[in-house]
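Chemist: Provided below: target.cif, containing mmCIF, C-alpha atoms and all ligand atoms.
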```cif
data_protein
#
loop_
_atom_site.label_atom_id
_atom_site.label_comp_id
_atom_site.auth_asym_id
_atom_site.auth_seq_id
_atom_site.Cartn_x
_atom_site.Cartn_y
_atom_site.Cartn_z
CA MET A 1 0.00 0.00 0.00
CA LYS A 2 2.81 2.40 1.00
CA GLU A 3 4.67 1.61 -2.21
CA ILE A 4 1.64 2.49 -4.34
CA ASN A 5 1.44 5.88 -2.61
CA ILE A 6 5.11 6.61 -3.24
CA THR A 7 4.70 5.67 -6.90
CA GLU A 8 1.75 8.03 -7.13
CA LEU A 9 3.72 10.82 -5.44
CA GLU A 10 6.64 10.25 -7.77
CA ARG A 11 4.31 10.35 -10.75
CA LYS A 12 2.83 13.67 -9.63
CA PHE A 13 6.29 15.07 -8.93
CA GLN A 14 7.50 14.06 -12.38
CA GLU A 15 4.37 15.48 -13.97
CA LYS A 16 5.10 18.86 -12.39
CA ILE A 17 8.70 18.74 -13.60
CA ASP A 18 7.58 17.81 -17.12
CA ASN A 19 5.06 20.66 -17.17
CA ASP A 20 7.53 23.21 -15.79
CA ILE A 21 5.51 23.69 -12.60
CA LYS A 22 7.80 24.72 -9.74
CA ILE A 23 8.36 22.37 -6.82
CA GLU A 24 7.71 24.27 -3.59
CA PRO A 25 9.02 23.52 -0.06
CA ASN A 26 5.87 21.80 1.17
CA ASP A 27 5.48 19.62 -1.94
CA TRP A 28 6.51 15.99 -1.85
CA MET A 29 9.88 15.43 -3.52
CA PRO A 30 12.21 12.45 -3.85
CA GLU A 31 14.88 12.40 -1.15
CA GLU A 32 17.66 12.41 -3.79
CA TYR A 33 16.19 15.56 -5.35
CA ARG A 34 16.17 17.24 -1.93
CA GLN A 35 19.75 16.15 -1.20
CA THR A 36 20.99 17.31 -4.61
CA LEU A 37 19.48 20.73 -4.03
CA ILE A 38 20.88 20.98 -0.50
CA ARG A 39 24.33 20.11 -1.86
CA GLN A 40 24.23 22.52 -4.79
CA ILE A 41 22.52 25.46 -3.09
CA SER A 42 24.63 25.28 0.08
CA GLN A 43 27.82 25.10 -1.99
CA HIS A 44 26.57 28.01 -4.01
CA ALA A 45 25.90 29.97 -0.79
CA HIS A 46 29.39 29.17 0.50
CA SER A 47 30.85 30.39 -2.81
CA GLU A 48 29.11 33.74 -2.46
CA ILE A 49 30.38 34.17 1.09
CA VAL A 50 33.94 32.93 0.50
CA GLY A 51 33.89 34.95 -2.73
CA GLN A 52 33.88 38.13 -0.67
CA LEU A 53 37.40 37.42 0.60
CA PRO A 54 39.58 38.08 -2.49
CA GLU A 55 37.79 41.40 -3.05
CA GLY A 56 37.73 42.30 0.65
CA ASN A 57 41.51 42.26 0.38
CA TRP A 58 41.37 45.37 -1.86
CA VAL A 59 38.85 47.61 -0.07
CA THR A 60 41.55 49.57 1.75
CA ARG A 61 43.66 49.85 -1.39
CA ALA A 62 41.04 50.86 -3.96
CA PRO A 63 42.55 53.66 -6.09
CA ASN A 64 39.88 56.27 -5.27
CA LEU A 65 36.70 56.87 -3.28
CA ARG A 66 34.35 55.97 -6.14
CA ARG A 67 36.09 52.65 -6.73
CA LYS A 68 36.06 51.93 -2.99
CA ALA A 69 32.32 52.65 -2.70
CA VAL A 70 31.51 50.43 -5.70
CA LEU A 71 33.71 47.61 -4.42
CA LEU A 72 32.13 47.78 -0.97
CA ALA A 73 28.63 47.68 -2.51
CA LYS A 74 29.57 44.67 -4.61
CA ILE A 75 30.98 42.78 -1.62
CA GLN A 76 27.80 43.55 0.34
CA ASP A 77 25.74 42.21 -2.55
CA GLU A 78 27.66 38.93 -2.38
CA ALA A 79 26.83 38.65 1.33
CA GLY A 80 23.16 39.18 0.44
CA HIS A 81 23.34 36.44 -2.19
CA GLY A 82 24.78 34.07 0.38
CA LEU A 83 21.94 34.88 2.78
CA TYR A 84 19.16 34.29 0.20
CA LEU A 85 20.79 31.01 -0.67
CA TYR A 86 21.17 29.84 2.94
CA SER A 87 17.46 30.66 3.38
CA ALA A 88 16.64 28.62 0.27
CA VAL A 89 18.60 25.70 1.78
CA GLU A 90 16.58 25.98 4.99
CA THR A 91 13.34 25.56 3.01
CA LEU A 92 14.60 22.06 2.21
CA GLY A 93 14.82 21.19 5.89
CA ALA A 94 18.59 21.66 6.16
CA ASP A 95 20.13 23.32 9.18
CA ARG A 96 21.99 26.54 8.27
CA GLU A 97 24.59 26.17 11.03
CA GLN A 98 25.29 22.60 9.94
CA THR A 99 25.89 23.65 6.34
CA MET A 100 28.38 26.25 7.56
CA ASP A 101 30.08 23.74 9.82
CA ASP A 102 30.42 21.49 6.75
CA LEU A 103 32.24 24.33 4.98
CA HIS A 104 34.53 24.84 7.96
CA SER A 105 35.34 21.14 8.28
CA GLY A 106 36.14 20.87 4.57
CA LYS A 107 33.19 18.55 3.91
CA ALA A 108 31.32 21.05 1.74
CA LYS A 109 32.82 22.54 -1.37
CA TYR A 110 32.75 26.10 -2.71
CA SER A 111 33.77 27.42 -6.09
CA SER A 112 37.37 26.62 -7.02
CA ILE A 113 37.86 30.17 -8.34
CA PHE A 114 38.00 31.71 -4.88
CA ASN A 115 41.12 29.74 -4.02
CA TYR A 116 43.21 31.99 -6.25
CA PRO A 117 44.79 35.16 -4.83
CA ALA A 118 43.88 38.73 -5.85
CA LEU A 119 47.34 40.21 -6.33
CA THR A 120 46.76 43.50 -8.17
CA TRP A 121 44.02 46.10 -8.62
CA ALA A 122 43.45 44.67 -12.12
CA ASP A 123 42.26 41.49 -10.38
CA MET A 124 39.26 43.45 -9.05
CA GLY A 125 38.30 44.16 -12.64
CA MET A 126 39.02 40.61 -13.72
CA ILE A 127 36.88 39.12 -10.93
CA GLY A 128 33.93 41.29 -11.98
CA TRP A 129 34.37 40.72 -15.70
CA LEU A 130 35.31 37.03 -15.75
CA VAL A 131 34.13 35.56 -12.45
CA ASP A 132 30.80 37.38 -12.28
CA GLY A 133 30.52 36.89 -16.05
CA ALA A 134 30.89 33.13 -15.63
CA ALA A 135 28.56 33.18 -12.63
CA ILE A 136 25.85 34.90 -14.69
CA MET A 137 26.24 32.45 -17.56
CA ASN A 138 25.70 29.62 -15.08
CA GLN A 139 22.98 31.32 -13.03
CA VAL A 140 20.64 32.78 -15.65
CA PRO A 141 19.44 29.25 -16.54
CA LEU A 142 19.06 28.57 -12.80
CA CYS A 143 16.26 31.20 -12.77
CA ARG A 144 14.29 28.41 -14.50
CA CYS A 145 15.36 25.75 -11.99
CA SER A 146 12.50 23.44 -11.01
CA TYR A 147 12.81 24.31 -7.31
CA GLY A 148 10.86 27.54 -6.66
CA PRO A 149 12.88 29.20 -3.84
CA TYR A 150 16.20 28.66 -5.66
CA ALA A 151 14.82 29.89 -8.99
CA ARG A 152 13.36 33.04 -7.40
CA ALA A 153 16.57 33.82 -5.48
CA MET A 154 18.47 33.57 -8.76
CA VAL A 155 16.39 36.30 -10.43
CA ARG A 156 17.62 38.98 -8.05
CA VAL A 157 21.11 37.52 -7.80
CA CYS A 158 21.49 37.65 -11.60
CA LYS A 159 20.42 41.30 -11.76
CA GLU A 160 23.10 42.21 -9.23
CA GLU A 161 25.75 39.99 -10.87
CA SER A 162 25.05 41.80 -14.11
CA PHE A 163 26.00 45.12 -12.48
CA HIS A 164 29.10 43.43 -11.03
CA GLN A 165 30.15 42.14 -14.41
CA ARG A 166 29.83 45.57 -16.00
CA GLN A 167 31.77 47.36 -13.28
CA GLY A 168 34.53 44.74 -13.67
CA TYR A 169 34.67 45.18 -17.43
CA GLU A 170 34.79 48.94 -16.95
CA ILE A 171 37.81 48.65 -14.63
CA VAL A 172 39.60 46.38 -17.09
CA THR A 173 38.70 48.62 -20.05
CA GLN A 174 40.13 51.69 -18.31
CA LEU A 175 43.34 49.85 -17.47
CA ALA A 176 43.64 48.45 -20.99
CA GLN A 177 43.31 51.99 -22.39
CA GLY A 178 45.64 53.49 -19.78
CA THR A 179 49.42 53.71 -19.58
CA PRO A 180 51.55 50.80 -20.92
CA GLU A 181 52.07 49.71 -17.29
CA GLN A 182 48.32 49.67 -16.63
CA LYS A 183 47.66 47.71 -19.80
CA ALA A 184 50.38 45.22 -18.85
CA MET A 185 48.78 44.86 -15.41
CA ALA A 186 45.42 44.06 -17.02
CA GLN A 187 47.00 41.53 -19.40
CA GLU A 188 48.94 39.83 -16.60
CA SER A 189 45.73 39.55 -14.60
CA LEU A 190 43.82 38.06 -17.55
CA ASP A 191 46.67 35.55 -18.01
CA ARG A 192 46.18 34.36 -14.42
CA TRP A 193 42.34 34.34 -14.26
CA TRP A 194 41.32 33.03 -17.68
CA TRP A 195 41.80 29.30 -17.11
CA PRO A 196 40.47 29.25 -13.51
CA ALA A 197 37.38 31.11 -14.82
CA LEU A 198 36.78 28.34 -17.37
CA MET A 199 37.11 25.78 -14.56
CA MET A 200 34.26 27.44 -12.64
CA PHE A 201 31.77 25.62 -14.87
CA GLY A 202 32.83 22.31 -13.38
CA PRO A 203 34.32 19.14 -14.86
CA SER A 204 33.80 18.28 -18.52
CA ASP A 205 30.49 16.55 -19.22
CA LYS A 206 32.06 13.12 -19.42
CA ASP A 207 33.39 13.50 -15.84
CA SER A 208 30.41 15.31 -14.32
CA LYS A 209 28.69 12.85 -12.00
CA HIS A 210 25.59 14.95 -11.27
CA THR A 211 24.71 16.63 -14.56
CA ALA A 212 22.58 13.90 -16.19
CA GLN A 213 20.26 13.52 -13.20
CA SER A 214 20.14 17.25 -12.46
CA MET A 215 19.11 17.91 -16.07
CA LYS A 216 16.33 15.30 -15.80
CA TRP A 217 15.04 17.10 -12.72
CA LYS A 218 15.45 20.48 -14.47
CA ILE A 219 17.70 21.73 -11.68
CA LYS A 220 20.39 22.31 -14.30
CA ARG A 221 19.20 23.40 -17.74
CA HIS A 222 22.54 23.12 -19.57
CA THR A 223 25.59 20.95 -19.17
CA ASN A 224 28.89 22.27 -17.80
CA ASP A 225 30.53 22.17 -21.25
CA GLU A 226 27.63 23.95 -22.96
CA LEU A 227 27.83 26.85 -20.50
CA ARG A 228 31.64 26.99 -20.72
CA GLN A 229 31.40 27.25 -24.52
CA GLN A 230 28.82 30.05 -24.25
CA PHE A 231 31.14 31.91 -21.88
CA VAL A 232 34.10 31.61 -24.25
CA ASP A 233 31.97 32.73 -27.21
CA VAL A 234 30.78 35.85 -25.38
CA THR A 235 34.00 36.78 -23.60
CA VAL A 236 36.66 36.44 -26.31
CA PRO A 237 35.22 39.30 -28.45
CA GLN A 238 35.05 41.45 -25.29
CA ALA A 239 38.78 40.87 -24.73
CA GLU A 240 39.55 41.66 -28.38
CA LEU A 241 37.53 44.87 -28.21
CA ILE A 242 39.78 46.28 -25.50
CA GLY A 243 43.01 44.96 -26.98
CA LEU A 244 43.73 42.15 -24.50
CA LYS A 245 44.87 38.70 -25.54
CA VAL A 246 43.25 35.57 -24.18
CA PRO A 247 46.11 33.31 -23.06
CA ASP A 248 45.25 30.31 -25.22
CA ALA A 249 47.37 29.44 -28.27
CA ASP A 250 44.66 27.06 -29.52
CA LEU A 251 41.84 29.60 -29.40
CA LYS A 252 40.30 30.00 -32.86
CA PHE A 253 36.90 30.87 -34.23
CA ASN A 254 35.46 27.86 -36.00
CA GLU A 255 33.43 29.01 -39.02
CA ALA A 256 31.79 25.61 -39.35
CA THR A 257 30.39 25.44 -35.82
CA GLY A 258 30.01 29.18 -35.20
CA HIS A 259 31.86 28.76 -31.91
CA TYR A 260 35.40 29.30 -30.64
CA ASP A 261 37.55 26.19 -30.36
CA PHE A 262 39.75 26.43 -27.29
CA GLY A 263 42.67 24.59 -25.71
CA ASP A 264 42.65 21.85 -23.10
CA ILE A 265 41.86 22.75 -19.53
CA ASN A 266 44.32 21.57 -16.90
CA TRP A 267 41.92 19.23 -15.07
CA ASP A 268 44.64 18.07 -12.74
CA GLU A 269 44.94 21.63 -11.41
CA PHE A 270 41.12 21.85 -11.09
CA TRP A 271 40.82 18.66 -9.02
CA GLN A 272 43.79 19.66 -6.86
CA VAL A 273 42.08 22.97 -6.04
CA VAL A 274 38.72 21.25 -5.42
CA ALA A 275 40.48 18.79 -3.09
CA GLY A 276 41.78 21.67 -0.96
CA HIS A 277 45.28 22.08 -2.40
CA GLY A 278 44.86 25.37 -4.29
CA PRO A 279 46.96 28.47 -3.54
CA CYS A 280 44.52 29.92 -0.95
CA ASN A 281 42.23 27.08 0.25
CA LYS A 282 43.60 26.97 3.79
CA GLU A 283 43.57 30.75 4.13
CA ARG A 284 39.95 31.00 2.91
CA VAL A 285 38.55 28.38 5.27
CA ALA A 286 40.59 29.76 8.18
CA ALA A 287 39.12 33.24 7.51
CA ARG A 288 35.56 31.86 7.59
CA LYS A 289 36.22 29.95 10.83
CA ARG A 290 37.75 33.03 12.42
CA ALA A 291 34.73 35.11 11.38
CA LYS A 292 32.42 32.61 13.05
CA GLU A 293 34.42 32.58 16.29
CA GLU A 294 34.93 36.34 16.44
CA GLY A 295 31.28 37.04 15.62
CA MET A 296 29.98 34.64 18.28
CA TRP A 297 29.46 37.38 20.90
CA VAL A 298 27.33 39.40 18.45
CA ARG A 299 25.05 36.43 17.78
CA GLU A 300 24.84 35.62 21.50
CA ALA A 301 23.96 39.22 22.33
CA ALA A 302 21.33 39.37 19.55
CA ASN A 303 19.77 36.10 20.73
CA ALA A 304 19.75 37.21 24.37
CA TYR A 305 18.06 40.49 23.36
CA ALA A 306 15.48 38.66 21.23
CA GLU A 307 14.69 36.26 24.07
CA LYS A 308 14.33 39.10 26.56
CA ARG A 309 11.97 40.98 24.23
CA ALA A 310 9.89 37.85 23.62
CA LYS A 311 9.58 37.29 27.39
CA ARG A 312 8.60 40.91 27.98
CA LYS A 313 5.96 40.68 25.25
CA ALA A 314 4.56 37.43 26.71
CA SER A 315 4.30 38.82 30.28
N1 LIG B 401 34.53 24.36 -7.76
O1 LIG B 401 28.95 16.63 -11.24
P1 LIG B 401 29.43 18.03 -11.20
C1 LIG B 401 29.94 33.36 -7.83
C2 LIG B 401 32.34 19.73 -7.80
S1 LIG B 401 29.04 31.98 -7.46
C3 LIG B 401 34.44 23.46 -6.77
O2 LIG B 401 29.54 18.74 -12.51
P2 LIG B 401 27.26 19.77 -10.37
C4 LIG B 401 29.43 34.70 -7.36
C5 LIG B 401 30.85 19.46 -7.59
O3 LIG B 401 30.35 20.16 -6.48
C6 LIG B 401 30.00 30.63 -8.07
N2 LIG B 401 33.83 22.27 -6.91
O4 LIG B 401 28.55 18.86 -10.15
C7 LIG B 401 30.55 35.58 -7.01
C8 LIG B 401 30.85 17.97 -7.42
O5 LIG B 401 31.29 17.61 -6.12
P3 LIG B 401 30.25 17.08 -4.95
C9 LIG B 401 29.41 29.36 -7.66
C10 LIG B 401 33.23 22.03 -8.11
O6 LIG B 401 26.84 20.26 -9.04
C11 LIG B 401 31.25 36.24 -8.00
C12 LIG B 401 31.95 17.52 -8.38
O7 LIG B 401 32.80 18.64 -8.56
N3 LIG B 401 28.27 29.06 -8.48
O8 LIG B 401 30.91 33.20 -8.45
C13 LIG B 401 33.28 22.93 -9.17
O9 LIG B 401 26.26 19.09 -11.23
C14 LIG B 401 32.30 37.10 -7.67
C15 LIG B 401 31.41 17.03 -9.71
O10 LIG B 401 30.85 18.10 -10.48
C16 LIG B 401 27.46 28.04 -8.20
O11 LIG B 401 27.64 27.35 -7.23
C17 LIG B 401 33.97 24.14 -8.97
N4 LIG B 401 34.08 25.07 -9.94
O12 LIG B 401 27.82 21.01 -11.23
C18 LIG B 401 30.87 35.82 -5.68
C19 LIG B 401 26.30 27.86 -9.14
N5 LIG B 401 32.60 22.39 -10.21
O13 LIG B 401 29.29 18.22 -4.70
C20 LIG B 401 31.91 36.68 -5.35
C21 LIG B 401 25.43 26.70 -8.77
C22 LIG B 401 32.17 21.19 -9.82
O14 LIG B 401 29.57 15.87 -5.51
C23 LIG B 401 32.63 37.31 -6.36
N6 LIG B 401 26.10 25.44 -8.96
N7 LIG B 401 32.55 20.95 -8.56
O15 LIG B 401 31.12 16.81 -3.77
C24 LIG B 401 26.14 24.75 -10.14
O16 LIG B 401 25.63 25.20 -11.16
C25 LIG B 401 26.78 23.40 -10.14
O17 LIG B 401 26.86 22.95 -8.82
C26 LIG B 401 28.19 23.37 -10.80
C27 LIG B 401 28.75 21.94 -10.69
C28 LIG B 401 28.10 23.72 -12.27
C29 LIG B 401 29.16 24.32 -10.10
#
```
How does this structure look as structure tokens?
Ligand code: FAQ

Modeler:
Amino acid sequence: MKEINITELERKFQEKIDNDIKIEPNDWMPEEYRQTLIRQISQHAHSEIVGQLPEGNWVTRAPNLRRKAVLLAKIQDEAGHGLYLYSAVETLGADREQTMDDLHSGKAKYSSIFNYPALTWADMGMIGWLVDGAAIMNQVPLCRCSYGPYARAMVRVCKEESFHQRQGYEIVTQLAQGTPEQKAMAQESLDRWWWPALMMFGPSDKDSKHTAQSMKWKIKRHTNDELRQQFVDVTVPQAELIGLKVPDADLKFNEATGHYDFGDINWDEFWQVVAGHGPCNKERVAARKRAKEEGMWVREAANAYAEKRAKRKAS
């Protein structure tokens, strides 16, 4: 009897997916679907939060007040994205504190890109242009994700990422049109960030263990390689327009396919970074742990105040 009910629930669930009707928190969903979403959304949230660190490094050294104000606003936006996403994870029954503890213990992943250092001011431009650019390419399709709270969070996130991408491209454009030293700084930064940006889209389709199922559930709408190709096709002309050279000797527009062919990605480097052995992995996780410990008194004070107010209201 129980089995028949589950089959019926699965049928209804699949029917909604097939008809592009959003799955909402109180709807029945297969446990694997729930777990896949908890994994992806929490890792996405961690990426937004850890992603603040490379840029935070430059707030005190921004070249002028306008740049500092824009950078601060962008970093605040990333914190907001993390908070929407942690809330979306909670709608799936996950515990927010636990997901953060998983980040701190190394159990949960976050985007490989944030394990690279931001060494020059040009890197602030490159993060906006390439990293937010890649994030948008990946996240616009997520606005049509089958899970309602994630899809809705993505709509606002994408609008903000779009502003981030433009401010990054503007920084890089100004440097590329500046003095020879500024242009060289922009080129050197592109040389360092190009390949890690391509890695953001995840392993190639043949090595991606989750893509097939996530596409069936309409969590993902495109494969990792499809999105990576779209990113290359859009970004290479942007680099050419401002006179920068993408560091790939094999990059060539293919008239037959209408896409750019590009060189091999160093997957060994990608998996090393994902496994925790990138240039900044230890530093990033240590910074998050320190933030939790040092912010403990604020949370305790806020909770004590909330409890006191609730008691006063009740009496
Ligand atoms: N880094 O089978 P797949 C941003 C892992 S937000 C680390 O292909 P899936 C905003 C993957 O988790 C950037 N690990 O997995 C910002 C899995 O391991 P698991 C983040 C990666 O989930 C800008 C394993 O490899 N965006 O930048 C990476 O189907 C500027 C096998 O991979 C999102 O999270 C990687 N790059 O596809 C903030 C978007 N790629 O979990 C500040 C949402 C793969 O089994 C400044 N996420 N792995 O242990 C997604 O779209 C997907 O999760 C993918 C991976 C495409 C990232």

Chemist: Skipping near chain neighbours, those fewer than 3 positions away, what residues fall within 12 Å of Glu283 (chain A) using all atoms listed in the file, listed as a count of residues only?

Modeler: 18

Chemist: Name all residues at most 12 Å from His164 (chain A) (count only C-alpha atoms; drop same-chain ones fewer than 2 positions away) and give them as a ChimeraX atom specification.

Modeler: /A:55,70-78,124-136,157-162,166-171

Chemist: Would you give the centre and edge lengths, in Å to one decimal, of a box along x, y and z around the listed atoms of region 148-166 of chain A, with 4 Å added to each side, as AutoDock Vina command-line options?

Modeler:
```
--center_x 20.5 --center_y 36.6 --center_z -9.9 --size_x 27.3 --size_y 26.0 --size_z 20.2
```

Chemist: Using all atoms listed in the file, list the residues that have an atom at most 10 Å from (11.9, 26.7, -12.1), coordinates as in the file, as a ChimeraX atom specification.

Modeler: /A:17,20-24,141-152,218-221

Chemist: So what do you get for atom C10 of ligand LIG 401 (chain B) versus CA of Asn281 (chain A), distance-wise?

Modeler: 13.3 Å

Chemist: Could you rebuild region 30-55 of chain A with N, CA and C atoms and give it back as a PDB file, in the frame of the given file?

Modeler:
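Result file out22.pdb:
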```pdb
ATOM      1  N   PRO A  30      11.350  13.593  -4.175  1.00  0.00           N
ATOM      2  CA  PRO A  30      12.210  12.450  -3.850  1.00  0.00           C
ATOM      3  C   PRO A  30      13.372  12.904  -2.983  1.00  0.00           C
ATOM      4  N   GLU A  31      13.802  12.039  -2.078  1.00  0.00           N
ATOM      5  CA  GLU A  31      14.880  12.400  -1.150  1.00  0.00           C
ATOM      6  C   GLU A  31      16.162  12.788  -1.912  1.00  0.00           C
ATOM      7  N   GLU A  32      16.424  12.109  -3.036  1.00  0.00           N
ATOM      8  CA  GLU A  32      17.660  12.410  -3.790  1.00  0.00           C
ATOM      9  C   GLU A  32      17.586  13.819  -4.400  1.00  0.00           C
ATOM     10  N   TYR A  33      16.381  14.205  -4.794  1.00  0.00           N
ATOM     11  CA  TYR A  33      16.190  15.560  -5.350  1.00  0.00           C
ATOM     12  C   TYR A  33      16.491  16.583  -4.254  1.00  0.00           C
ATOM     13  N   ARG A  34      15.937  16.332  -3.054  1.00  0.00           N
ATOM     14  CA  ARG A  34      16.170  17.240  -1.930  1.00  0.00           C
ATOM     15  C   ARG A  34      17.675  17.327  -1.620  1.00  0.00           C
ATOM     16  N   GLN A  35      18.321  16.166  -1.561  1.00  0.00           N
ATOM     17  CA  GLN A  35      19.750  16.150  -1.200  1.00  0.00           C
ATOM     18  C   GLN A  35      20.605  16.846  -2.263  1.00  0.00           C
ATOM     19  N   THR A  36      20.227  16.659  -3.524  1.00  0.00           N
ATOM     20  CA  THR A  36      20.990  17.310  -4.610  1.00  0.00           C
ATOM     21  C   THR A  36      20.878  18.819  -4.479  1.00  0.00           C
ATOM     22  N   LEU A  37      19.670  19.284  -4.181  1.00  0.00           N
ATOM     23  CA  LEU A  37      19.480  20.730  -4.030  1.00  0.00           C
ATOM     24  C   LEU A  37      20.229  21.261  -2.811  1.00  0.00           C
ATOM     25  N   ILE A  38      20.162  20.526  -1.698  1.00  0.00           N
ATOM     26  CA  ILE A  38      20.880  20.980  -0.500  1.00  0.00           C
ATOM     27  C   ILE A  38      22.373  21.094  -0.814  1.00  0.00           C
ATOM     28  N   ARG A  39      22.903  20.095  -1.500  1.00  0.00           N
ATOM     29  CA  ARG A  39      24.330  20.110  -1.860  1.00  0.00           C
ATOM     30  C   ARG A  39      24.643  21.316  -2.749  1.00  0.00           C
ATOM     31  N   GLN A  40      23.888  21.459  -3.832  1.00  0.00           N
ATOM     32  CA  GLN A  40      24.230  22.520  -4.790  1.00  0.00           C
ATOM     33  C   GLN A  40      23.988  23.922  -4.210  1.00  0.00           C
ATOM     34  N   ILE A  41      22.835  24.095  -3.563  1.00  0.00           N
ATOM     35  CA  ILE A  41      22.520  25.460  -3.090  1.00  0.00           C
ATOM     36  C   ILE A  41      23.446  25.854  -1.934  1.00  0.00           C
ATOM     37  N   SER A  42      23.750  24.903  -1.038  1.00  0.00           N
ATOM     38  CA  SER A  42      24.630  25.280   0.080  1.00  0.00           C
ATOM     39  C   SER A  42      26.032  25.587  -0.443  1.00  0.00           C
ATOM     40  N   GLN A  43      26.489  24.823  -1.429  1.00  0.00           N
ATOM     41  CA  GLN A  43      27.820  25.100  -1.990  1.00  0.00           C
ATOM     42  C   GLN A  43      27.819  26.430  -2.732  1.00  0.00           C
ATOM     43  N   HIS A  44      26.695  26.721  -3.341  1.00  0.00           N
ATOM     44  CA  HIS A  44      26.570  28.010  -4.010  1.00  0.00           C
ATOM     45  C   HIS A  44      26.611  29.143  -2.972  1.00  0.00           C
ATOM     46  N   ALA A  45      25.891  28.955  -1.863  1.00  0.00           N
ATOM     47  CA  ALA A  45      25.900  29.970  -0.790  1.00  0.00           C
ATOM     48  C   ALA A  45      27.320  30.161  -0.257  1.00  0.00           C
ATOM     49  N   HIS A  46      28.009  29.053  -0.006  1.00  0.00           N
ATOM     50  CA  HIS A  46      29.390  29.170   0.500  1.00  0.00           C
ATOM     51  C   HIS A  46      30.262  29.944  -0.493  1.00  0.00           C
ATOM     52  N   SER A  47      30.031  29.704  -1.786  1.00  0.00           N
ATOM     53  CA  SER A  47      30.850  30.390  -2.810  1.00  0.00           C
ATOM     54  C   SER A  47      30.631  31.893  -2.741  1.00  0.00           C
ATOM     55  N   GLU A  48      29.383  32.301  -2.542  1.00  0.00           N
ATOM     56  CA  GLU A  48      29.110  33.740  -2.460  1.00  0.00           C
ATOM     57  C   GLU A  48      29.827  34.346  -1.260  1.00  0.00           C
ATOM     58  N   ILE A  49      29.784  33.633  -0.143  1.00  0.00           N
ATOM     59  CA  ILE A  49      30.380  34.170   1.090  1.00  0.00           C
ATOM     60  C   ILE A  49      31.912  34.141   1.018  1.00  0.00           C
ATOM     61  N   VAL A  50      32.472  33.010   0.617  1.00  0.00           N
ATOM     62  CA  VAL A  50      33.940  32.930   0.500  1.00  0.00           C
ATOM     63  C   VAL A  50      34.403  33.884  -0.598  1.00  0.00           C
ATOM     64  N   GLY A  51      33.553  34.066  -1.607  1.00  0.00           N
ATOM     65  CA  GLY A  51      33.890  34.950  -2.730  1.00  0.00           C
ATOM     66  C   GLY A  51      34.092  36.401  -2.325  1.00  0.00           C
ATOM     67  N   GLN A  52      33.648  36.753  -1.137  1.00  0.00           N
ATOM     68  CA  GLN A  52      33.880  38.130  -0.670  1.00  0.00           C
ATOM     69  C   GLN A  52      35.357  38.357  -0.305  1.00  0.00           C
ATOM     70  N   LEU A  53      36.067  37.260   0.009  1.00  0.00           N
ATOM     71  CA  LEU A  53      37.400  37.420   0.600  1.00  0.00           C
ATOM     72  C   LEU A  53      38.448  38.007  -0.362  1.00  0.00           C
ATOM     73  N   PRO A  54      38.549  37.488  -1.602  1.00  0.00           N
ATOM     74  CA  PRO A  54      39.580  38.080  -2.490  1.00  0.00           C
ATOM     75  C   PRO A  54      39.335  39.570  -2.722  1.00  0.00           C
ATOM     76  N   GLU A  55      38.081  39.981  -2.808  1.00  0.00           N
ATOM     77  CA  GLU A  55      37.790  41.400  -3.050  1.00  0.00           C
ATOM     78  C   GLU A  55      37.943  42.223  -1.773  1.00  0.00           C
TER      79      GLU A  55
END
```
